[in-house]
Structure formats: structure tokens, C-alpha cells
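Novice: Quick one: the structure is below, questions incoming.
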Amino acid sequence: KKAITKKMNKKVILFDLDGTLINTDMLIIRSYMHLFDTYRPDYPLTMQELISFLGPVLKDVFPRYFKEDFDTLLKTYHGYSKANISRFVSLYDDVIFMLESFKNAGIKMGIVTNRFKYSADDVTSPFDINKYFDVFIALDDMTNPKPHPEGINLAIERLGVNKEDVI
């Protein structure tokens with residue numbers, strides 16, 4: 001493997017979490033399937049709908065399908081999710097190599113995710129990757145989830161860098 005070059009002109013790299021550093025697709029899909037099995041067992045869930053759940057925040061998806069209150073649904077969703085991380089979550093190939101290379105090159109790194117902090121910690125802790133990040137912005141830190149720029153701007157502010165130095 002080639003080392004990542006030190007010639008990069010950016011000082012900070014901000015990453016998304018799900019689908020970027022860790023593969024959580026199956027965990028998300030299975031967690032939604034569990035919600036439907038629990039609260040809407042007769043609903044004919046399609047593959048297209050399952051795939052559509054990858055990305056949007058829970059507070060936007062839950063009301064489209066469920067009448068139960070958000071906290072009840074969240075508890076069920078995250079309970080299933082946390083219990084099944086080891087079955088359905090994996091680190092993408094060469095992520096550790098990449099993170100170590102950037103760190104060794106003196107590049108600061110951060111995560112900006114639409115996951116709640118405790119949920120992000122649940123899915124990252126088995127891989128011990130949090131040690132690479134200088135800032136970690138989760139849904140709890142934002143009023144407006146991505147794609148709104150609030151989380152990125154907050155990371156830039158906490159790092160004390162110029163936005164021109166960030167990729």
C-alpha cells in the first residue's frame with residue numbers, strides 16, 4: 001500500500017460516518033425491518049423503501065410510517081440496533097490505514113454525522129477509530145441535520161480553522 005501523500009494542501013478532513021467509514025447499511029435496514037415487524041407487521045415493505053431509509057434522519061422517516069410516539073420508536077430501533085452491531089456493521093477496507101496516514105501527515109480529522117452521539121459511539125467503538133478524530137459532531141450537537149451546513153460549520157469552529165483549509 002502506498003502512503004497517503006503529505007502534499008495535500010488541506011489541513012482538516014471531515015468525514016461522514018455511515019456509508020463512508022463504516023458499513024451500516026444492513027444494520028439500518030434490519031433495524032427498520034424490526035420496527036415494521038413490531039408496529040406494522042402487515043405492512044408490505046418494499047426493497048425500494050428499505051433502501052430509502054439509508055440517509056434520512058429518523059425523525060423524518062418515523063412519522064411517515066408509524067403513529068407511535070418518537071421516543072417509543074427510537075427506543076425500539078436503537079435497542080435492536082445496539083444488540084446487532086456485531087452482526088451487521090463492518091469497517092470499510094483500508095479505513096485504519098487511511099486514518100493513520102492522515103494522522104501521521106499532521107492532518108486533523110473530524111466526523112459530522114446525523115446519528116445521535118450515543119448511537120455513533122455504539123457503532124464506532126468496536127473498531128476503536130474515535131482516537132483519530134479531533135472533533136466529533138453528532139445530531140445532538142446540531143439543530144439542523146445534514147445536508148444543512150450547520151454541523152460542518154460547528155466542526156470548523158471547534159477546530160479553530162478556516163473553512164478554506166477543510167475538505
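Residues are named by chain letter and number: chains run A, B, ... in the order of the C-alpha cells, numbers start at 1 in each chain, and ligands are numbered from 1 in the order shown.
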Using DSSP assignments from the backbone, pull out every residue in chain A that falls under alpha helix (DSSP H) and give it to me as number ranges by chain.
Specialist: A: 25-39, 47-52, 58-65, 70-83, 85-88, 95-104, 117-124, 150-159
Novice: Could those residues be written to a file, using C-alpha atoms, as a PDB file, in the first residue's frame?
Specialist:
```
ATOM      1  CA  ASP A  25     -26.411  -0.356   5.609  1.00  0.00           C
ATOM      2  CA  MET A  26     -27.561  -3.777   6.775  1.00  0.00           C
ATOM      3  CA  LEU A  27     -27.863  -2.611  10.396  1.00  0.00           C
ATOM      4  CA  ILE A  28     -30.088   0.289   9.373  1.00  0.00           C
ATOM      5  CA  ILE A  29     -32.216  -1.877   7.087  1.00  0.00           C
ATOM      6  CA  ARG A  30     -32.591  -4.629   9.693  1.00  0.00           C
ATOM      7  CA  SER A  31     -33.430  -2.083  12.416  1.00  0.00           C
ATOM      8  CA  TYR A  32     -36.236  -0.695  10.257  1.00  0.00           C
ATOM      9  CA  MET A  33     -37.438  -4.218   9.465  1.00  0.00           C
ATOM     10  CA  HIS A  34     -37.615  -4.819  13.225  1.00  0.00           C
ATOM     11  CA  LEU A  35     -39.705  -1.651  13.654  1.00  0.00           C
ATOM     12  CA  PHE A  36     -42.104  -2.776  10.962  1.00  0.00           C
ATOM     13  CA  ASP A  37     -42.292  -6.304  12.426  1.00  0.00           C
ATOM     14  CA  THR A  38     -43.094  -4.758  15.814  1.00  0.00           C
ATOM     15  CA  TYR A  39     -45.501  -1.941  14.920  1.00  0.00           C
ATOM     16  CA  MET A  47     -36.816  -3.101  -1.141  1.00  0.00           C
ATOM     17  CA  GLN A  48     -37.082   0.433  -2.537  1.00  0.00           C
ATOM     18  CA  GLU A  49     -38.472   1.652   0.800  1.00  0.00           C
ATOM     19  CA  LEU A  50     -35.749  -0.151   2.749  1.00  0.00           C
ATOM     20  CA  ILE A  51     -33.063   1.476   0.634  1.00  0.00           C
ATOM     21  CA  SER A  52     -34.748   4.867   1.041  1.00  0.00           C
ATOM     22  CA  LEU A  58     -35.165   9.056  11.975  1.00  0.00           C
ATOM     23  CA  LYS A  59     -37.394  11.991  12.917  1.00  0.00           C
ATOM     24  CA  ASP A  60     -38.163  12.475   9.224  1.00  0.00           C
ATOM     25  CA  VAL A  61     -38.891   8.800   8.466  1.00  0.00           C
ATOM     26  CA  PHE A  62     -40.797   7.614  11.547  1.00  0.00           C
ATOM     27  CA  PRO A  63     -43.892   9.855  11.130  1.00  0.00           C
ATOM     28  CA  ARG A  64     -44.360   8.707   7.524  1.00  0.00           C
ATOM     29  CA  TYR A  65     -44.984   5.125   8.630  1.00  0.00           C
ATOM     30  CA  PHE A  70     -40.929   9.179  18.528  1.00  0.00           C
ATOM     31  CA  ASP A  71     -39.331   8.117  21.837  1.00  0.00           C
ATOM     32  CA  THR A  72     -41.040   4.720  21.778  1.00  0.00           C
ATOM     33  CA  LEU A  73     -39.940   4.098  18.209  1.00  0.00           C
ATOM     34  CA  LEU A  74     -36.418   5.350  18.929  1.00  0.00           C
ATOM     35  CA  LYS A  75     -36.064   3.035  21.924  1.00  0.00           C
ATOM     36  CA  THR A  76     -37.177   0.037  19.850  1.00  0.00           C
ATOM     37  CA  TYR A  77     -34.999   0.981  16.885  1.00  0.00           C
ATOM     38  CA  HIS A  78     -31.852   1.644  18.892  1.00  0.00           C
ATOM     39  CA  GLY A  79     -32.407  -1.340  21.160  1.00  0.00           C
ATOM     40  CA  TYR A  80     -32.395  -3.646  18.160  1.00  0.00           C
ATOM     41  CA  SER A  81     -29.567  -1.744  16.511  1.00  0.00           C
ATOM     42  CA  LYS A  82     -27.264  -1.836  19.537  1.00  0.00           C
ATOM     43  CA  ALA A  83     -27.874  -5.552  20.082  1.00  0.00           C
ATOM     44  CA  ILE A  85     -23.908  -4.143  15.768  1.00  0.00           C
ATOM     45  CA  SER A  86     -21.514  -7.088  15.774  1.00  0.00           C
ATOM     46  CA  ARG A  87     -23.696  -8.924  13.237  1.00  0.00           C
ATOM     47  CA  PHE A  88     -24.331  -6.142  10.761  1.00  0.00           C
ATOM     48  CA  VAL A  95     -10.022   2.806   6.740  1.00  0.00           C
ATOM     49  CA  ILE A  96      -7.467   2.339   9.530  1.00  0.00           C
ATOM     50  CA  PHE A  97      -4.579   2.680   7.062  1.00  0.00           C
ATOM     51  CA  MET A  98      -6.122   5.874   5.677  1.00  0.00           C
ATOM     52  CA  LEU A  99      -6.819   7.397   9.100  1.00  0.00           C
ATOM     53  CA  GLU A 100      -3.318   6.555  10.352  1.00  0.00           C
ATOM     54  CA  SER A 101      -1.762   8.017   7.193  1.00  0.00           C
ATOM     55  CA  PHE A 102      -3.660  11.281   7.545  1.00  0.00           C
ATOM     56  CA  LYS A 103      -2.880  11.479  11.259  1.00  0.00           C
ATOM     57  CA  ASN A 104       0.837  10.815  10.611  1.00  0.00           C
ATOM     58  CA  LYS A 117     -23.824  10.687  19.740  1.00  0.00           C
ATOM     59  CA  TYR A 118     -24.568   7.543  21.763  1.00  0.00           C
ATOM     60  CA  SER A 119     -25.506   5.678  18.597  1.00  0.00           C
ATOM     61  CA  ALA A 120     -22.376   6.869  16.800  1.00  0.00           C
ATOM     62  CA  ASP A 121     -20.291   5.722  19.773  1.00  0.00           C
ATOM     63  CA  ASP A 122     -22.034   2.337  19.662  1.00  0.00           C
ATOM     64  CA  VAL A 123     -21.083   1.718  16.026  1.00  0.00           C
ATOM     65  CA  THR A 124     -17.546   3.152  16.172  1.00  0.00           C
ATOM     66  CA  GLU A 150     -24.535  23.660  10.464  1.00  0.00           C
ATOM     67  CA  GLY A 151     -22.612  20.535  11.535  1.00  0.00           C
ATOM     68  CA  ILE A 152     -19.692  21.272   9.227  1.00  0.00           C
ATOM     69  CA  ASN A 153     -19.587  24.893  10.381  1.00  0.00           C
ATOM     70  CA  LEU A 154     -19.637  23.759  14.011  1.00  0.00           C
ATOM     71  CA  ALA A 155     -16.726  21.366  13.384  1.00  0.00           C
ATOM     72  CA  ILE A 156     -14.751  24.163  11.719  1.00  0.00           C
ATOM     73  CA  GLU A 157     -15.493  26.475  14.650  1.00  0.00           C
ATOM     74  CA  ARG A 158     -14.473  23.879  17.259  1.00  0.00           C
ATOM     75  CA  LEU A 159     -11.248  23.148  15.395  1.00  0.00           C
TER      76      LEU A 159
END
```
Novice: Per residue of segment 33-128 of chain A within 10 Å of segment 9-12 of chain A, which atom pair is closest and at what distance in Å (one decimal), using only C-alpha atoms, listed by chain and increasing number, as CSV?
Specialist:
```
residue,atom,partner,partner_atom,distance
A:Phe102,CA,A:Val12,CA,9.3
A:Ala105,CA,A:Lys11,CA,9.6
A:Gly106,CA,A:Lys11,CA,7.7
A:Ile107,CA,A:Lys11,CA,5.1
A:Lys108,CA,A:Val12,CA,4.6
A:Met109,CA,A:Val12,CA,5.5
A:Gly110,CA,A:Val12,CA,7.7
```
Novice: Pick out the closest residue to Val112 of chain A from this set: A:Met142, A:Glu164, A:Asp134, A:Asp16. Count only C-alpha atoms.
Specialist: A:Asp16
Novice: Using DSSP on the backbone, list every residue of segment 10-63 of chain A that comes out as strand (DSSP E), and give them as a list in words.
Specialist: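 Residues meeting the strand (DSSP E) criterion: Val12, Ile13, Leu14, Phe15, Ile22 and Asn23 of chain A.
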